[in-house]
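S.K.: Shown below is the structure under consideration.
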Amino acid sequence: MSSQTAIVRISGISKNFGGLAALQEVSITVGRGTITSVIGPNGAGKTTLINVLSGFLKPDSGTIELNGAVITGRKAHAITRLGMARTFQTAQVFGQMSVLENVMVGCHARTRTGLAGAALRLPGVRAEERAVREKARGLLAMVGLAGQASMTAASIPIGSQRLLEIARALASQPAVLLLDEPAAGLNTQETRRLGELLLDIRRQGITIMLVEHDMELVMDISDEIAVLNFGRSIARGTPAEIQASPDVIAVYLGED
Amino acid sequence: MSIESQIVQFLFTGIALGSIYAMVALGFNIIYNATGILNFAQGEFVMLGGLVMVWLSVTLGLPMPLAFAVTVAAVMAVGALFERLAIYPLKKPPVLILIIITLAGSIIFKGSAMLLWGKKTYSLPHFSSEQPIAVLGATILPQTFWIIGFLAAVVAALALFFNCTMLGKAMRACSFNPTAASLVGINVKRIVLLSFAVSAAIGAIAGIVFTPVVLMEYDRGTMLALKGFCAAVLGGLGNGAGAVVAGLLIGILESFGAGFISSAYKDAIALLVLLLVLVVRPGGLLSRGEASRLKDF
């Protein structure tokens with residue numbers, strides 16, 4: 001197992017929907033500065049896990065620690081402010097706002113001026129707005145959307161919306177980025193570019209937790225992989241270890 | 001008075017009236033965008049703005065600008081308090097229930113105002129001279145220009161706020177996608193609170209500038225809310241520019257209707273417009289053929 005210190009520690013998380021146990025006693029440790037992927041067949045509880053981590057669902061039991069602080073049960077906006085940002089399986093962009101503005105709004109968690117500021121210190125507010133605009137442009141360049149900055153978010157292709165969502169998540173200066181199937185619906189070339197982008201993000205010291213079906217992408221870029229099946233964590237290890245694990249092979253072959 | 005000068009006269013009266021409707025409609029839109037709620041207490045903020053201003057500047061004798069600022073702040077606080085006490089505590093309520101709560105709020109505001117101020121009609125001095133200005137044979141009160149000016153100022157301030165401040169962008173983001181907004185660290189509940197405060201402030205401003213011309217009493221809010229609502233629907237719910245255009249249009253129609261047909265039908269005109277819009281173009285005047293943005297109905 002990795003020797004890095006843990007940035008996210010998921011301990012014994014359970015979540016039931018009525019009679020369905022979506023997560024049962026799941027424990028996963030995410031090492032600081034790694035790309036840790038969560039894989040598993042459909043219905044294994046991957047998206048539920050991300051929803052619990054990001055505060056969109058409350059777990060029935062268990063704890064989640066981010067940087068040593070317990071964040072279980074905190075609201076989504078508070079968790080973002082504490083340094084964990086996420087994207088959605090279906091990109092959730094602000095469709096009627098421009099691509100640039102979408103990323104600017106992402107900076108919200110890190111801007112200071114409140115209503116009083118907006119009302120009274122107009123020069124300061126303008127300066128902040130300019131700084132945020134510059135930062136957002138930089139992030140758009142990084143994900144390769146600089147050319148689309150002034151288009152409305154709804155008008156760009158799904159693949160680009162995914163990248164936009166990643167740029168917006170990065171705007172909140174997260175320590176941890178949770179990505180829910182970012183490669184879904186992307187073609188091979190787009191997926192390769194996404195992989196490069198994720199490695200780029202990791203190089204900047206941001207930890208990535210990736211839920212993904214595209215095995216090639218997962219095996220290419222992950223430092224660690226955790227496998228979920230029917231809400232249980234059944235294996236974890238490096239890509240090589242996972243590919244060799246009889247349990248994992250059984251789960252995936254059993255699916256067919 | 002010649003027909004031309006009559007037209008000019010009615011036009012200015014209509015624009016002044018319409019400016020108030022536009023401000024009420026803007027208030028409707030801000031809360032609607034943040035929450036999907038139609039706040040039928042919106043007219044009461046106008047009434048409160050007028051009456052609090054009268055109390056501060058006439059009864060207590062505060063200087064006009066100070067009374068103005070305190071009134072806006074006070075009505076803002078009322079709006080925020082209303083949200084915290086009546087809207088915030090409910091967990092995921094259906095929007096229809098929230099709308100009915102705003103109707104209840106409107107009744108409570110009206111009743112409280114009656115207890116505080118009685119059923120008297122109050123007047124407020126004009127902001128500047130009451131000497132009418134002659135324009136093309138019509139006589140226009142200077143206060144009319146104050147009203148139009150304040151509408152312009154409110155519109156400019158809102159445009160600046162929504163487009164050029166991070167908080168404004170956050171509010172717009174909430175209206176487009178609350179889930180994604182909370183995901184980027186926006187406290188959606190606080191944005192809802194803010195939307196009530198801002199709407200109340202706009203209502204208060206409308207009440208303050210309007211009172212010198214038409215006087216104010218405790219039960220004015222309901223009709224103003226109704227007219228403002230008509231303007232908001234005519235402009236396309238949630239559409240700021242639409243609200244202003246539609247508010248002015250309804251004001252002008254009303255003024256011409258009262259002048260050329262009969263003042264008895266004055267209030268019917270806005271409702272007639274509302275009915276027509278709902279039948280012919282439910283998305284509103286300025287809708288771009290996209291699916292109407294009516295949220296939860």
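Chain identifiers are assigned as A, B, and so on, following the order in which chains appear in the structure tokens; residues are numbered from 1 within each chain, and ligands are numbered from 1 in order of appearance.
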Applying 9 Å and only C-alpha atoms, which residues near range 192-202 of chain A remain after dropping the ones on its own chain fewer than 3 positions away? List them as a ChimeraX atom specification.

M.R.: /A:33-35,142-143,163,170,182-183,187-189,205-208,217-218,220-221

S.K.: I need the contact residues of chain A against chain B, so if you could list those with any atom within 7 Å, counting only C-alpha atoms, and return them as a PyMOL selection string, that would help.

M.R.: chain A and resi 76-78+80-81+92-95+105-106+108-109+114+118+125-126+129+169+172

S.K.: Mind dumping the selected residues with N, CA and C atoms as a CSV table (one decimal), in the first residue's frame?

M.R.:
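The resulting part-v9.csv:
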chain,number,residue,atom,x,y,z
A,76,ALA,N,-23.2,20.5,1.3
A,76,ALA,CA,-22.4,20.4,0.1
A,76,ALA,C,-21.5,21.7,-0.1
A,77,HIS,N,-22.2,22.9,0.1
A,77,HIS,CA,-21.4,24.1,-0.1
A,77,HIS,C,-20.3,24.3,0.9
A,78,ALA,N,-20.5,23.8,2.2
A,78,ALA,CA,-19.5,23.8,3.2
A,78,ALA,C,-18.3,22.9,2.8
A,80,THR,N,-17.4,22.0,-0.1
A,80,THR,CA,-16.6,22.7,-1.2
A,80,THR,C,-15.6,23.7,-0.6
A,81,ARG,N,-16.1,24.5,0.4
A,81,ARG,CA,-15.3,25.5,1.0
A,81,ARG,C,-14.1,24.8,1.8
A,92,GLN,N,-23.3,19.5,-14.8
A,92,GLN,CA,-24.3,20.4,-14.2
A,92,GLN,C,-23.7,21.8,-14.4
A,93,VAL,N,-23.9,22.4,-15.6
A,93,VAL,CA,-23.4,23.7,-15.8
A,93,VAL,C,-24.5,24.8,-15.7
A,94,PHE,N,-24.1,26.0,-15.6
A,94,PHE,CA,-25.1,27.1,-15.6
A,94,PHE,C,-25.3,27.5,-17.1
A,95,GLY,N,-26.3,26.8,-17.7
A,95,GLY,CA,-26.5,26.8,-19.1
A,95,GLY,C,-26.6,28.2,-19.8
A,105,VAL,N,-17.9,31.8,-11.4
A,105,VAL,CA,-18.8,31.4,-10.3
A,105,VAL,C,-18.1,30.4,-9.4
A,106,GLY,N,-17.4,29.5,-10.1
A,106,GLY,CA,-16.6,28.5,-9.3
A,106,GLY,C,-15.7,29.1,-8.3
A,108,HIS,N,-16.4,31.4,-6.4
A,108,HIS,CA,-17.2,31.9,-5.3
A,108,HIS,C,-16.7,31.5,-3.9
A,109,ALA,N,-16.4,30.2,-3.8
A,109,ALA,CA,-16.0,29.7,-2.5
A,109,ALA,C,-14.8,30.4,-2.0
A,114,GLY,N,-19.0,40.2,0.6
A,114,GLY,CA,-20.4,39.9,0.8
A,114,GLY,C,-21.3,41.0,0.2
A,118,ALA,N,-20.4,44.4,-1.8
A,118,ALA,CA,-20.9,44.6,-3.1
A,118,ALA,C,-21.6,46.0,-3.2
A,125,VAL,N,-14.7,45.6,-5.2
A,125,VAL,CA,-15.5,44.5,-5.8
A,125,VAL,C,-15.1,44.4,-7.3
A,126,ARG,N,-14.9,45.5,-8.0
A,126,ARG,CA,-14.5,45.5,-9.4
A,126,ARG,C,-13.2,44.8,-9.5
A,129,GLU,N,-13.5,41.2,-9.1
A,129,GLU,CA,-14.1,40.6,-10.2
A,129,GLU,C,-13.1,40.4,-11.4
A,169,ALA,N,-14.7,23.3,-11.0
A,169,ALA,CA,-14.3,22.7,-9.8
A,169,ALA,C,-13.0,23.2,-9.3
A,172,SER,N,-12.5,26.5,-7.3
A,172,SER,CA,-12.6,26.6,-5.9
A,172,SER,C,-11.4,26.2,-5.1

S.K.: Return the single residue from B:Ile3, B:Ile202, B:Val214, B:Val279 that is closest to Leu26 in chain B, with distances computed using only C-alpha atoms.

M.R.: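 Closest to Leu26 in chain B, using only C-alpha atoms: B:Ile202.
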
S.K.: Counting only C-alpha atoms, which residues in range 160-247 of chain B sit no more than 10 Å from range 136-143 of chain B? For each one, give the nearest pair of atoms and the distance in Å, sorted by chain then residue number, as CSV.

M.R.:
residue,atom,partner,partner_atom,distance
B:Val209,CA,B:Gln143,CA,7.7
B:Phe210,CA,B:Gln143,CA,8.4
B:Thr211,CA,B:Gln143,CA,9.9
B:Pro212,CA,B:Gln143,CA,7.5
B:Val213,CA,B:Gln143,CA,7.1

S.K.: How many Å lie between CA of Tyr88 in chain B and CA of Val233 in chain B, rounded to one decimal?

M.R.: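 Going from CA of Tyr88 in chain B over to CA of Val233 in chain B covers 25.5 Å.
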
S.K.: Would you kindly return, as an MDAnalysis selection string, each protein, DNA or RNA residue with an atom no farther than 7 Å from any atom of range 13-26 of chain A, considering only C-alpha atoms and excluding same-chain residues fewer than 3 positions away?

M.R.: chainID A and resid 10 45 48 59:63 230:233

S.K.: Using DSSP secondary structure from the backbone, list all strand (DSSP E) positions within range 16-227 of chain B, as a PyMOL selection string.

M.R.: chain B and resi 133-135+138-140

S.K.: Please, could you write that set of residues out with C-alpha atoms as a PDB file, in the first residue's frame?

M.R.:
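Printed below is result.pdb as written:
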ATOM      1  CA  ILE B 133     -42.950  71.604 -15.760  1.00  0.00           C
ATOM      2  CA  ALA B 134     -44.563  72.317 -19.121  1.00  0.00           C
ATOM      3  CA  VAL B 135     -43.609  69.802 -21.794  1.00  0.00           C
ATOM      4  CA  ALA B 138     -48.592  68.969 -20.903  1.00  0.00           C
ATOM      5  CA  THR B 139     -47.768  69.645 -17.267  1.00  0.00           C
ATOM      6  CA  ILE B 140     -45.405  67.176 -15.693  1.00  0.00           C
TER       7      ILE B 140
END

S.K.: Measuring between only C-alpha atoms, which one of A:Lys135, A:Arg9, A:Arg86, A:Arg32 shows the shortest distance to Glu65 in chain A?

M.R.: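 Comparing A:Lys135, A:Arg9, A:Arg86, A:Arg32 against Glu65 in chain A, the winner is A:Arg9.
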
S.K.: Write down as a ChimeraX atom specification the residues belonging to range 18-246 of chain A that are assigned helix (DSSP H, G or I) by DSSP computed on the backbone.

M.R.: /A:46-53,76-81,99-110,115-120,122-143,146-148,153-155,158-171,188-203,215-221,239-244,246

S.K.: Need to verify the contact set: Glu254 in chain B, 10 Å, only C-alpha atoms, exclusion of same-chain residues closer than 6 positions in sequence. Can you return it as a ChimeraX atom specification?

M.R.: /B:10-11,13-15,17-18,248,260-263,265-270

S.K.: Between B:Leu48, B:Ala241, B:Met23, B:Met53, which one has atoms that come closest to Pro125 in chain B, using only C-alpha atoms?

M.R.: B:Met53
